[in-house]
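Reviewing the structure listed below.
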Amino acid sequence: MEVVDQEGRTLTFSIGPQHPGSGHFRLIVKVDGDFIVDVKPDPGYVHRGAEKMCEERTYIQNIPHLERPVIFDSSGILFPYVLAVEELLGVQAPPRAQYIRIIMAELNRIISHLYWLAIYGIFLGHSTMFMWPMGDRELFIDLAEAIGGTRVTFSYFVPGGVRNDLPPGFKERALKTFSYYEKRLEEYDKIFFSNPMFLKRTQGIGVLKREDAIRLGVTGPNLRASGISSDTRKDEPYSSYETIKWDIPVRKEGDCYARSMVRFQELFDSLNIMRQALDLIPEGSVKIPMRGQIKGKVGESFARTEAARGTMFYHIISDGATHPYRVKISVPSFRSLSAMPFLLKGNHLADMPAIYWGLDYWPVEADK
Amino acid sequence: MSQSIEKEELLLSSIKDKFGDKVRELYVNPKRIKILVDRENILNVATFVRDLGFDQVISVGGTDFPKEDSFVVDYHLIGVEHEDLKKIIFDLSTKFPKNEPKTPTLMEVWPSAEYHEQETFEMLGIIFEGHPRMERLLLPEDWNDIPPLRKEFKLPSRLVEHGSS
C-alpha cells in the first residue's frame with residue numbers, strides 16, 4: 001500500500017499492484033474516513049500482448065501461449081479459438097471430440113471456481129474455506145491431468161478436435177470423484193455458504209441491479225446474479241451443448257451473495273453436465289487428420305463460448321496465410337472493469353475484498 | 001449449417017429502411033450480422049441498433065489494413081435481455097483512413113464500450129472523440145513506440161511476411 005495523495009478530508013492511496021489477493025493489479029482508491037469516494041482501476045501489470053503474438057505465430061503455435069492468461073481455465077480461453085479457427089478451415093470436430101471438449105471445459109470451470117472460492121474464503125477471513133477448495137481442487141486437476149497430460153495448461157484443444165482420446169477407465173474414475181465431491185459440496189454449504197459470517201459480509205453488499213449489469217457490460221456469473229438468464233452454452237450452443245439438459249442458475253439480488261451462490265450452483269451443474277456428457281459420448285475418432293501447416297480461408301470468423309468467468313469471444317481475421325492476420329480476444333474479466341468503481345464507490349473500505357473478489361476479476365486474463 | 005436467417009434478415013432490413021445506403025451490408029449468416037457505416041453516421045446507426053435491443057458491447061476490435069491505408073473498428077454487440085437477440089452477434093463496423101485515426105466514441109450509446117475503446121486507442125492509436133480517458137491502459141508507463149497492433153510495429157524476434165506463403 002502506498003499513499004499517493006492527501007488533500008483535506010480525503011486520502012488517495014493505491015492498493016496493489018503487488019498481488020492484492022489475485023494477480024498483479026492496482027486499485028487507486030480515494031477514501032473519506034472509512035468510505036470509498038472514488039476508485040480507479042489500473043490494469044496492465046501482466047500484459048503480454050497475446051493479440052500481437054498471435055499475428056506472428058502459426059495457428060498451431062498460438063495454442064500454448066493463448067492458455068497462459070487464464071491458466072486455471074486454460075481450456076476456457078482456448079475453446080473459442082479452436083472454434084473460430086475451425087470455422088475458417090471449414091471443418092468441425094468429430095462428435096466424440098465435442099463431448100470430450102465439454103468434459104474438459106467443465107473440469108476447468110470447476111478448477112477455476114474452486115480457486116475463486118478458496119481466495120474468497122481467505123478474503124472474508126474464513127481459512128477453512130481456503131483449505132478445502134484448494135485441496136479438493138486437486139481431484140479435478142488429477143482428472144484433467146489424466147486427459148491432458150499436464151496439471152494446468154494442457155494445450156489439449158486443437159483445431160479439428162482434441163489431441164488424444166480419454167484414458168482407459170476414465171469414466172469410472174470420474175464418476176467416483178463426482179459422487180464423492182457432491183457430498184463435499186454439502187459440507188461447503190454448511191460451513192461457509194450458510195455461515196452467518198459469510199451472509200453478513202456478502203448480503204446486500206455491492207448490489208449490481210439488472211439495468212446496471214447490462215449497462216456496464218458484465219458477463220457470466222456476475223450477469224446471472226443480477227437476474228439475467230444469459231449463458232453462451234444456451235444462447236448459442238456449441239460443441240453439442242444442445243444435447244445436455246440443465247437449468248441456468250439465476251438470482252435476482254445482484255449482491256456479492258448472489259454472485260457467490262451462482263458460482264456455487266455452477267459447481268453442481270458442471271458435475272451434472274459432465275455426467276451427461278460421459279453417458280452421451282459416442283465412439284469414434286477424436287481428431288480430423290490434418291497435414292502440414294493449416295491455412296484459413298480469406299475472411300473472418302467469430303466464436304464465443306462460456307468460460308468460467310463468462311463469455312469468451314474471439315474475432316479472427318485471416319488473409320489466407322499460415323498465421324492469422326488479426327486476433328481480437330475479448331475476455332470476461334476485462335468486462336468487469338467498468339463495474340468495479342461503480343460497485344466500490346460509497347462502500348466501506350472493509351467491504352472492498354468482498355466486492356472486488358466477488359466479481360472474480362482475474363488480472364492476468366484482463367490484461368492478456 | 002443449414003439454419004434459417006429470417007430473423008437476421010428482418011433486423012437488417014429494418015436498419016436499411018431507416019438509413020438507406022448509409023449502411024452497407026457486409027454479410028448475414030446464421031447468428032451473425034455485419035454492417036459497415038461511415039464514422040459520420042455511426043452514432044445515429046448505433047443508437048438505432050441499441051433501440052432494436054442490442055444492449056451490450058462484447059468487444060471492440062480495431063484492425064490495421066496498411067494495404068488499403070485504413071483502419072477498421074468493429075463493435076461486437078449482443079442483446080442479453082432478448083431471447084432472440086442474445087443468440088446473434090451483431091458487428092457494427094466503420095472504416096476510415098489511417099492519416100485521420102478518429103471516430104466518435106459510442107460510450108453514450110453503450111457505456112460498456114468504455115474500456116474496450118480505451119484499449120483500442122492504446123493498441124492502434126485510434127482516437128475515440130468524446131471518450132473521457134484517451135490514455136494508457138495496459139502498456140508500460142514508459143512505452144515510447146508506435147501503437148503495437150499497427151502492422152508497422154514488428155516484434156524484432158519474429159519477422160513474418162504476410163500473404164507470401
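Just so we're on the same page: first chain in the C-alpha cells is A, next is B, and so on; residues restart at 1 for each chain, and ligands are numbered from 1 in the order they show up.
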Would you give me, as JSON, numbers by chain, the residues in stretch 46-159 of chain B that DSSP reads as alpha helix (DSSP H)?
-> {"B": [46, 47, 48, 49, 50, 51, 52, 114, 115, 116, 117, 118, 119, 120, 121, 122, 123, 124]}
Could those selected residues go to a file with N, CA and C atoms, as a PDB file, in the first residue's frame?
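Output (out25.pdb):
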```pdb
ATOM      1  N   ALA B  46     -25.774   3.501 -34.392  1.00  0.00           N
ATOM      2  CA  ALA B  46     -25.586   2.792 -33.121  1.00  0.00           C
ATOM      3  C   ALA B  46     -26.801   2.983 -32.209  1.00  0.00           C
ATOM      4  N   THR B  47     -27.302   4.210 -32.161  1.00  0.00           N
ATOM      5  CA  THR B  47     -28.461   4.466 -31.315  1.00  0.00           C
ATOM      6  C   THR B  47     -29.653   3.633 -31.765  1.00  0.00           C
ATOM      7  N   PHE B  48     -29.811   3.557 -33.095  1.00  0.00           N
ATOM      8  CA  PHE B  48     -30.926   2.770 -33.640  1.00  0.00           C
ATOM      9  C   PHE B  48     -30.744   1.281 -33.321  1.00  0.00           C
ATOM     10  N   VAL B  49     -29.520   0.799 -33.484  1.00  0.00           N
ATOM     11  CA  VAL B  49     -29.243  -0.621 -33.223  1.00  0.00           C
ATOM     12  C   VAL B  49     -29.479  -0.933 -31.745  1.00  0.00           C
ATOM     13  N   ARG B  50     -29.091  -0.014 -30.877  1.00  0.00           N
ATOM     14  CA  ARG B  50     -29.336  -0.227 -29.449  1.00  0.00           C
ATOM     15  C   ARG B  50     -30.838  -0.294 -29.181  1.00  0.00           C
ATOM     16  N   ASP B  51     -31.582   0.612 -29.825  1.00  0.00           N
ATOM     17  CA  ASP B  51     -33.025   0.617 -29.593  1.00  0.00           C
ATOM     18  C   ASP B  51     -33.712  -0.631 -30.145  1.00  0.00           C
ATOM     19  N   LEU B  52     -33.050  -1.289 -31.094  1.00  0.00           N
ATOM     20  CA  LEU B  52     -33.585  -2.579 -31.555  1.00  0.00           C
ATOM     21  C   LEU B  52     -33.453  -3.635 -30.461  1.00  0.00           C
ATOM     22  N   GLU B 114     -16.671   1.441 -22.759  1.00  0.00           N
ATOM     23  CA  GLU B 114     -15.652   2.284 -22.123  1.00  0.00           C
ATOM     24  C   GLU B 114     -14.215   1.743 -22.229  1.00  0.00           C
ATOM     25  N   TYR B 115     -13.967   0.621 -21.583  1.00  0.00           N
ATOM     26  CA  TYR B 115     -12.594   0.117 -21.540  1.00  0.00           C
ATOM     27  C   TYR B 115     -12.161  -0.496 -22.869  1.00  0.00           C
ATOM     28  N   HIS B 116     -13.109  -1.043 -23.611  1.00  0.00           N
ATOM     29  CA  HIS B 116     -12.759  -1.616 -24.910  1.00  0.00           C
ATOM     30  C   HIS B 116     -12.230  -0.524 -25.845  1.00  0.00           C
ATOM     31  N   GLU B 117     -12.874   0.643 -25.817  1.00  0.00           N
ATOM     32  CA  GLU B 117     -12.422   1.739 -26.679  1.00  0.00           C
ATOM     33  C   GLU B 117     -11.060   2.243 -26.218  1.00  0.00           C
ATOM     34  N   GLN B 118     -10.888   2.295 -24.906  1.00  0.00           N
ATOM     35  CA  GLN B 118      -9.597   2.764 -24.392  1.00  0.00           C
ATOM     36  C   GLN B 118      -8.476   1.812 -24.818  1.00  0.00           C
ATOM     37  N   GLU B 119      -8.760   0.530 -24.783  1.00  0.00           N
ATOM     38  CA  GLU B 119      -7.751  -0.460 -25.203  1.00  0.00           C
ATOM     39  C   GLU B 119      -7.434  -0.295 -26.694  1.00  0.00           C
ATOM     40  N   THR B 120      -8.483  -0.080 -27.500  1.00  0.00           N
ATOM     41  CA  THR B 120      -8.269   0.085 -28.943  1.00  0.00           C
ATOM     42  C   THR B 120      -7.470   1.352 -29.232  1.00  0.00           C
ATOM     43  N   PHE B 121      -7.730   2.401 -28.456  1.00  0.00           N
ATOM     44  CA  PHE B 121      -6.946   3.631 -28.594  1.00  0.00           C
ATOM     45  C   PHE B 121      -5.466   3.339 -28.357  1.00  0.00           C
ATOM     46  N   GLU B 122      -5.228   2.599 -27.273  1.00  0.00           N
ATOM     47  CA  GLU B 122      -3.844   2.355 -26.889  1.00  0.00           C
ATOM     48  C   GLU B 122      -3.120   1.436 -27.871  1.00  0.00           C
ATOM     49  N   MET B 123      -3.829   0.411 -28.347  1.00  0.00           N
ATOM     50  CA  MET B 123      -3.172  -0.596 -29.167  1.00  0.00           C
ATOM     51  C   MET B 123      -3.030  -0.167 -30.628  1.00  0.00           C
ATOM     52  N   LEU B 124      -3.907   0.744 -31.104  1.00  0.00           N
ATOM     53  CA  LEU B 124      -3.858   1.133 -32.509  1.00  0.00           C
ATOM     54  C   LEU B 124      -3.716   2.633 -32.729  1.00  0.00           C
TER      55      LEU B 124
END
```
Taking only C-alpha atoms into account, report as a PyMOL selection string which residues of chain B lie within 9 Å of chain A.
-> chain B and resi 31-32+55-64+80-81+83-84+86-89+110-116+137-140+148-149+154-155+158-160+162-165
Determine which residues of stretch 37-134 of chain B receive a DSSP assignment of strand (DSSP E or B), computed from the backbone, and state them as an NGL selection string.
-> :B and (37 or 56-65 or 70-78 or 89-97 or 102-104 or 127-129)
Residues from last step as file, N, CA, C and O atoms, as a compact mmCIF listing (two decimals), in the first residue's frame:
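The resulting file, result-v1.txt, is reproduced below:
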```txt
# COMPACT_ATOMS: atom_id res chain seq x y z
N VAL B 37 -20.59 1.22 -41.68
CA VAL B 37 -21.13 2.58 -41.80
C VAL B 37 -19.97 3.57 -41.75
O VAL B 37 -18.90 3.25 -41.23
N GLN B 56 -25.54 -4.73 -25.16
CA GLN B 56 -24.20 -4.87 -24.58
C GLN B 56 -23.13 -4.95 -25.65
O GLN B 56 -23.32 -5.58 -26.68
N VAL B 57 -22.00 -4.30 -25.37
CA VAL B 57 -20.83 -4.45 -26.23
C VAL B 57 -20.01 -5.60 -25.68
O VAL B 57 -19.62 -5.58 -24.52
N ILE B 58 -19.77 -6.64 -26.49
CA ILE B 58 -18.91 -7.72 -26.01
C ILE B 58 -17.46 -7.33 -26.22
O ILE B 58 -16.60 -7.66 -25.44
N SER B 59 -17.20 -6.65 -27.31
CA SER B 59 -15.82 -6.38 -27.65
C SER B 59 -15.76 -5.25 -28.67
O SER B 59 -16.69 -5.06 -29.44
N VAL B 60 -14.67 -4.49 -28.62
CA VAL B 60 -14.40 -3.50 -29.66
C VAL B 60 -13.03 -3.87 -30.23
O VAL B 60 -12.05 -3.88 -29.50
N GLY B 61 -13.02 -4.20 -31.49
CA GLY B 61 -11.75 -4.61 -32.09
C GLY B 61 -11.36 -3.64 -33.18
O GLY B 61 -12.19 -3.20 -33.96
N GLY B 62 -10.10 -3.29 -33.20
CA GLY B 62 -9.61 -2.44 -34.28
C GLY B 62 -8.61 -3.22 -35.10
O GLY B 62 -7.87 -4.04 -34.56
N THR B 63 -8.61 -2.99 -36.41
CA THR B 63 -7.65 -3.69 -37.26
C THR B 63 -7.00 -2.71 -38.22
O THR B 63 -7.67 -1.81 -38.74
N ASP B 64 -5.72 -2.91 -38.42
CA ASP B 64 -4.94 -2.05 -39.30
C ASP B 64 -4.82 -2.75 -40.66
O ASP B 64 -4.43 -3.91 -40.74
N PHE B 65 -5.21 -2.04 -41.72
CA PHE B 65 -5.05 -2.58 -43.08
C PHE B 65 -4.14 -1.65 -43.88
O PHE B 65 -4.62 -0.77 -44.59
N SER B 70 -6.06 1.97 -44.28
CA SER B 70 -7.23 2.30 -43.45
C SER B 70 -7.26 1.49 -42.16
O SER B 70 -6.57 0.48 -42.02
N PHE B 71 -8.06 1.98 -41.24
CA PHE B 71 -8.37 1.26 -40.02
C PHE B 71 -9.82 0.82 -40.06
O PHE B 71 -10.68 1.55 -40.57
N VAL B 72 -10.10 -0.34 -39.49
CA VAL B 72 -11.49 -0.76 -39.31
C VAL B 72 -11.72 -0.95 -37.83
O VAL B 72 -10.88 -1.52 -37.13
N VAL B 73 -12.82 -0.42 -37.33
CA VAL B 73 -13.19 -0.65 -35.93
C VAL B 73 -14.48 -1.46 -35.92
O VAL B 73 -15.44 -1.10 -36.61
N ASP B 74 -14.48 -2.56 -35.17
CA ASP B 74 -15.68 -3.41 -35.06
C ASP B 74 -16.24 -3.33 -33.66
O ASP B 74 -15.50 -3.54 -32.69
N TYR B 75 -17.53 -3.05 -33.56
CA TYR B 75 -18.22 -3.18 -32.27
C TYR B 75 -19.02 -4.47 -32.35
O TYR B 75 -19.87 -4.62 -33.22
N HIS B 76 -18.73 -5.39 -31.44
CA HIS B 76 -19.47 -6.65 -31.42
C HIS B 76 -20.55 -6.55 -30.35
O HIS B 76 -20.25 -6.32 -29.18
N LEU B 77 -21.79 -6.74 -30.77
CA LEU B 77 -22.91 -6.47 -29.87
C LEU B 77 -23.79 -7.70 -29.69
O LEU B 77 -23.94 -8.50 -30.61
N ILE B 78 -24.36 -7.80 -28.49
CA ILE B 78 -25.44 -8.78 -28.27
C ILE B 78 -26.55 -8.10 -27.48
O ILE B 78 -26.35 -7.03 -26.90
N ILE B 89 -24.67 -12.34 -32.87
CA ILE B 89 -23.61 -11.35 -32.69
C ILE B 89 -23.72 -10.35 -33.82
O ILE B 89 -23.69 -10.71 -35.00
N PHE B 90 -23.91 -9.10 -33.44
CA PHE B 90 -24.06 -8.02 -34.42
C PHE B 90 -22.74 -7.27 -34.48
O PHE B 90 -22.25 -6.78 -33.48
N ASP B 91 -22.17 -7.18 -35.66
CA ASP B 91 -20.91 -6.47 -35.83
C ASP B 91 -21.18 -5.15 -36.54
O ASP B 91 -21.54 -5.13 -37.72
N LEU B 92 -21.03 -4.06 -35.79
CA LEU B 92 -21.18 -2.73 -36.36
C LEU B 92 -19.78 -2.21 -36.62
O LEU B 92 -19.01 -2.00 -35.69
N SER B 93 -19.44 -2.04 -37.90
CA SER B 93 -18.05 -1.66 -38.18
C SER B 93 -17.99 -0.34 -38.92
O SER B 93 -18.95 0.09 -39.56
N THR B 94 -16.86 0.31 -38.79
CA THR B 94 -16.63 1.56 -39.50
C THR B 94 -15.19 1.56 -40.00
O THR B 94 -14.33 0.90 -39.43
N LYS B 95 -14.96 2.29 -41.09
CA LYS B 95 -13.65 2.26 -41.74
C LYS B 95 -13.26 3.69 -42.04
O LYS B 95 -14.10 4.48 -42.48
N PHE B 96 -12.00 4.02 -41.79
CA PHE B 96 -11.56 5.38 -42.08
C PHE B 96 -10.07 5.36 -42.41
O PHE B 96 -9.36 4.42 -42.05
N PRO B 97 -9.59 6.42 -43.09
CA PRO B 97 -8.18 6.42 -43.49
C PRO B 97 -7.23 6.52 -42.30
O PRO B 97 -7.57 7.10 -41.27
N LYS B 102 -9.60 8.84 -36.28
CA LYS B 102 -10.57 9.37 -35.33
C LYS B 102 -11.95 8.83 -35.62
O LYS B 102 -12.32 8.70 -36.78
N THR B 103 -12.69 8.56 -34.58
CA THR B 103 -14.10 8.17 -34.74
C THR B 103 -14.82 8.53 -33.44
O THR B 103 -14.19 8.55 -32.38
N PRO B 104 -16.10 8.88 -33.51
CA PRO B 104 -16.76 9.28 -32.25
C PRO B 104 -16.89 8.10 -31.29
O PRO B 104 -17.08 6.96 -31.72
N ILE B 127 -8.30 7.48 -32.09
CA ILE B 127 -8.86 8.37 -31.06
C ILE B 127 -10.38 8.29 -31.10
O ILE B 127 -10.99 8.50 -32.16
N PHE B 128 -10.97 7.96 -29.97
CA PHE B 128 -12.42 7.94 -29.87
C PHE B 128 -12.87 9.28 -29.32
O PHE B 128 -12.73 9.55 -28.13
N GLU B 129 -13.36 10.15 -30.22
CA GLU B 129 -13.65 11.52 -29.82
C GLU B 129 -14.80 11.56 -28.83
O GLU B 129 -15.87 10.98 -29.09
```
From the set A:Val364, A:Leu117, A:Ala50, A:Val82, which residue has the shortest atom-to-atom contact distance to A:Ser239, counting only C-alpha atoms?
->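 Residue with the minimum atom-to-atom distance to A:Ser239: A:Val82.
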Could you pull the residues within 12 Å of A:Asn195, counting only C-alpha atoms, minus those fewer than 4 positions along the same chain, as JSON, numbers by chain?
-> {"A": [121, 124, 126, 129, 187, 188, 189, 190, 191, 199, 200, 201, 202, 203, 257]}
